[in-house]
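Here's the structure we're looking at; comments come further down.
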Amino acid sequence: MPPRLARWRDRALFRTPSRVLDGLLGTERRLRVRSAMAGLAGLLMLCCVAAMHIVARAGIAEVQWVNTWTVFCVSGLIGVFALIRSGVSRRFRDPSLTLFQMLYAVACNAAAFVIAGPARGITLPILAVILMFGIFGLSTRQMVGVLFYSLAAFGAGGVLLELREDLHQGPAMAAAYGIMIFVVLLGSTFLTTRVQATRQQLRQQKHDLAEALEHIRELATHDELTGLLNRRHMIELMRLEQRRTARSGHSLVLVQLDLDHFKAINDTHGHAAGDRALQAFARSVKASVRDSDVLSRWGGEEFVLMLCNTQPADASALLERVRRTVSALRLTHPGSAPIHLTVSIGLAQHVVGESIEQTLERADRALYAAKAQGRDRAVWAAPCEEGAGAAGAAGTIPG
């Protein structure tokens with residue numbers, strides 16, 4: 001056979017089982033899981049049916065009763081699988097029909113206990129397996145309900161055995177089977193609820209771990225006092241934006257902001273007042289800039305603002321709005337007059353070919369120029385290194 005034909009044959013053979021499973025269980029993940037679980041329950045039930053027919057062939061149980069019981073069991077299995085596979089069960093509170101399947105299986109098992117004759121002991125392991133399926137979707141309250149339902153079903157079966165002379169098993173055997181049924185039901189329910197509790201604990205631990213990791217990530221990327229991005233994470237974002245700007249040709253403006261006379265606020269009113277001033281400043285600036293603008297705490301009372309895809313004229317207007325907003329802030333402090341905040345601002349337009357650090361250095365020089373000119377103003381940096389000493393030559397936004 002030619003190699004190409006052989007490869008095609010191998011691929012076709014490989015795909016065939018997969019296509020059969022897709023057709024049987026579905027392709028959507030949750031539907032596939034539910035169909036597979038229903039199929040597994042059905043397979044186990046068919047094994048029980050086979051065991052009952054072996055008992056009937058051996059003359060231990062009546063064939064007619066076993067055949068009727070088989071039709072009842074298989075009809076339920078087919079109905080449940082059809083509801084799940086067709087997607088009809090999705091509209092139910094329990095799309096997997098776990099509780100219904102368990103109640104139905106317990107009823108079938110109790111009926112098998114009655115008609116199996118002297119071989120009725122084979123139904124007890126099956127009962128334990130049925131209860132184990134409660135792990136996959138029932139609450140503890142539902143499992144307790146299944147326990148009492150099972151006791152009632154097997155109790156009714158025991159009464160029926162005592163009433164019919166042809167099925168009568170004697171008081172000793174009735175008591176022995178009653179004890180064993182109670183042990184199987186109680187033990188299986190206890191183990192199932194313990195497994196459920198362990199699963200719930202693991203889910204809670206997973207949730208707590210996810211929250212802890214998120215908190216660690218937040219601490220690693222944000223300033224704890226103001227909630228803004230910290231310096232390290234801001235540098236990463238600026239470098240990413242620098243590369244994007246180099247590809248797109250869009251304008252990028254970096255801004256240095258510094259609260260005026262912040263040391264005097266700490267010295268006069270205390271560090272708690274200084275912290276409140278930083279928090280109020282961060283909130284006011286965040287409220288004044290656009291969602292696309294990125295603000296970070298650079299250190300102490302210094303902040304850095306990144307204006308993406310922003311032309312100089314637009315940046316000047318935005319920073320003037322920021323300056324006016326901060327200047328209007330008044331922080332009340334017990335025993336003293338309200339604290340008046342102002343901000344000095346240095347702006348630098350990023351030039352393709354220079355590093356982020358160089359652009360920030362120009363913005364920093366412009367910031368110092370703003371302070372030298374009387375504070376409460378914004379100053380543009382010169383666009384190149386040769387003009388570094390002429391900070392503000394590109395324009396000043398006075399207070």
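So you can find residues: chains in the structure tokens are A, B, ... in the order shown, residues in each start at 1, and ligands are numbered from 1 in order.
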### Task
Can you pull out every residue within 6 Å of segment 293-310 of chain A, counting only C-alpha atoms, but drop anything in the same chain fewer than 5 positions away, and send it as a PyMOL selection string?
chain A and resi 228-231+250-259
### Message
Could you list, as a PyMOL selection string, every residue within 9 Å of Met132 of chain A, counting only C-alpha atoms and ignoring same-chain residues fewer than 2 positions away?
### Response
chain A and resi 127-130+134-136+188-189+191-192
### Query
Can you list, as an MDAnalysis selection string, every residue of segment 192-325 of chain A that DSSP puts in strand (DSSP E or B)?
chainID A and resid 222 229 252:259 294:299 302:308
#### Entry: Residues within 10 Å of Ala264 of chain A, only C-alpha atoms, excluding chain neighbours under 5 positions, as JSON, numbers by chain
{"A": [269, 270, 274]}
Let me see the file: selected residues, N, CA and C atoms, as a PDB file, in the first residue's frame.
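Writing the result to result-v3.pdb gives the following:
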```pdb
ATOM      1  N   HIS A 269       1.225  68.958  60.144  1.00  0.00           N
ATOM      2  CA  HIS A 269      -0.016  68.251  60.484  1.00  0.00           C
ATOM      3  C   HIS A 269       0.179  66.766  60.790  1.00  0.00           C
ATOM      4  N   GLY A 270       1.353  66.238  60.554  1.00  0.00           N
ATOM      5  CA  GLY A 270       1.613  64.833  60.843  1.00  0.00           C
ATOM      6  C   GLY A 270       1.518  63.960  59.590  1.00  0.00           C
ATOM      7  N   GLY A 274      -0.545  63.727  55.863  1.00  0.00           N
ATOM      8  CA  GLY A 274       0.168  63.587  54.600  1.00  0.00           C
ATOM      9  C   GLY A 274      -0.354  62.424  53.780  1.00  0.00           C
TER      10      GLY A 274
END
```
### Message
Using DSSP secondary structure from the backbone, list all helix (DSSP H, G or I) positions within segment 23-169 of chain A, as a ChimeraX atom specification.
### Response
/A:23-25,29-57,63-85,88-91,98-115,117-136,140-163,165-167
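Distance-wise, atom CA of His233 of chain A and atom CA of Thr221 of chain A end up 5.4 Å apart.
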### Message
Can you pull out the residues contacting segment 20-36 of chain A? Cut-off 12 Å, using only C-alpha atoms, and skip same-chain residues under 3 positions away; I want them as a VMD selection string.
### Response
chain A and resid 13 to 17 39 to 43 77 to 78 80 to 90 94 to 98 136 to 137
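Of note, atom CA of Ala366 of chain A and atom CA of Ala381 of chain A are spaced 4.9 Å apart.
Excluding Pro118 of chain A itself and same-chain residues fewer than 2 positions from it, the residues having an atom within 12 Å of it are Met52, Val55, Ala56, Ala58, Gly59, Ile60, Ala61, Glu62, Ala112, Phe113, Val114, Ile115, Ala116, Arg120, Gly121, Ile122, Thr123, Leu161, Asp166, Leu167, His168, Gln169, Gly170, Met173, Ala174 and Tyr177 of chain A, counting only C-alpha atoms.
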### Task
Would you mind telling me which residue in A:Leu202, A:Ala107, A:Met234, A:Ala119 lies nearest to Ala156 of chain A when using only C-alpha atoms?
A:Ala107
### Query
Any idea what's packed within 9 Å of Ile356 of chain A, counting only C-alpha atoms, ignoring anything in its chain fewer than 5 positions away? Could you give it as a PyMOL selection string?
chain A and resi 235+238-239+242+254+350+361
What's around Gly145 of chain A at 12 Å? Count only C-alpha atoms, leave out sequence neighbours fewer than 6 positions away in its own chain, and write the answer as a short mmCIF file (atom, residue, chain, number, x, y, z; two decimals) with N, CA and C atoms, in the first residue's frame.
```cif
data_model
loop_
_atom_site.label_atom_id
_atom_site.label_comp_id
_atom_site.auth_asym_id
_atom_site.auth_seq_id
_atom_site.Cartn_x
_atom_site.Cartn_y
_atom_site.Cartn_z
N LEU A 99 -30.15 13.47 41.31
CA LEU A 99 -31.08 13.03 42.34
C LEU A 99 -32.12 12.07 41.77
N MET A 102 -30.63 8.66 41.12
CA MET A 102 -30.40 7.89 42.34
C MET A 102 -31.69 7.32 42.90
N LEU A 103 -32.75 8.15 42.92
CA LEU A 103 -34.03 7.66 43.43
C LEU A 103 -34.56 6.52 42.56
N LEU A 131 -25.36 4.81 45.95
CA LEU A 131 -25.23 5.93 46.88
C LEU A 131 -23.94 6.70 46.66
N GLY A 134 -23.88 9.96 44.69
CA GLY A 134 -24.28 11.22 45.29
C GLY A 134 -23.13 12.19 45.47
N LEU A 138 -24.99 15.92 44.78
CA LEU A 138 -26.02 16.10 45.80
C LEU A 138 -25.45 16.79 47.04
N SER A 139 -26.29 17.58 47.66
CA SER A 139 -25.91 18.20 48.92
C SER A 139 -26.06 17.18 50.06
N LEU A 151 -34.33 3.64 52.97
CA LEU A 151 -34.84 2.84 54.10
C LEU A 151 -36.32 2.52 53.89
N ALA A 152 -37.07 3.53 53.40
CA ALA A 152 -38.49 3.30 53.17
C ALA A 152 -38.72 2.29 52.05
N LEU A 185 -26.54 1.42 53.88
CA LEU A 185 -27.10 2.75 53.66
C LEU A 185 -26.40 3.80 54.51
N LEU A 186 -26.26 3.50 55.81
CA LEU A 186 -25.65 4.47 56.71
C LEU A 186 -24.18 4.68 56.38
N THR A 189 -23.77 6.53 52.97
CA THR A 189 -24.16 7.93 53.11
C THR A 189 -23.11 8.72 53.87
#
```
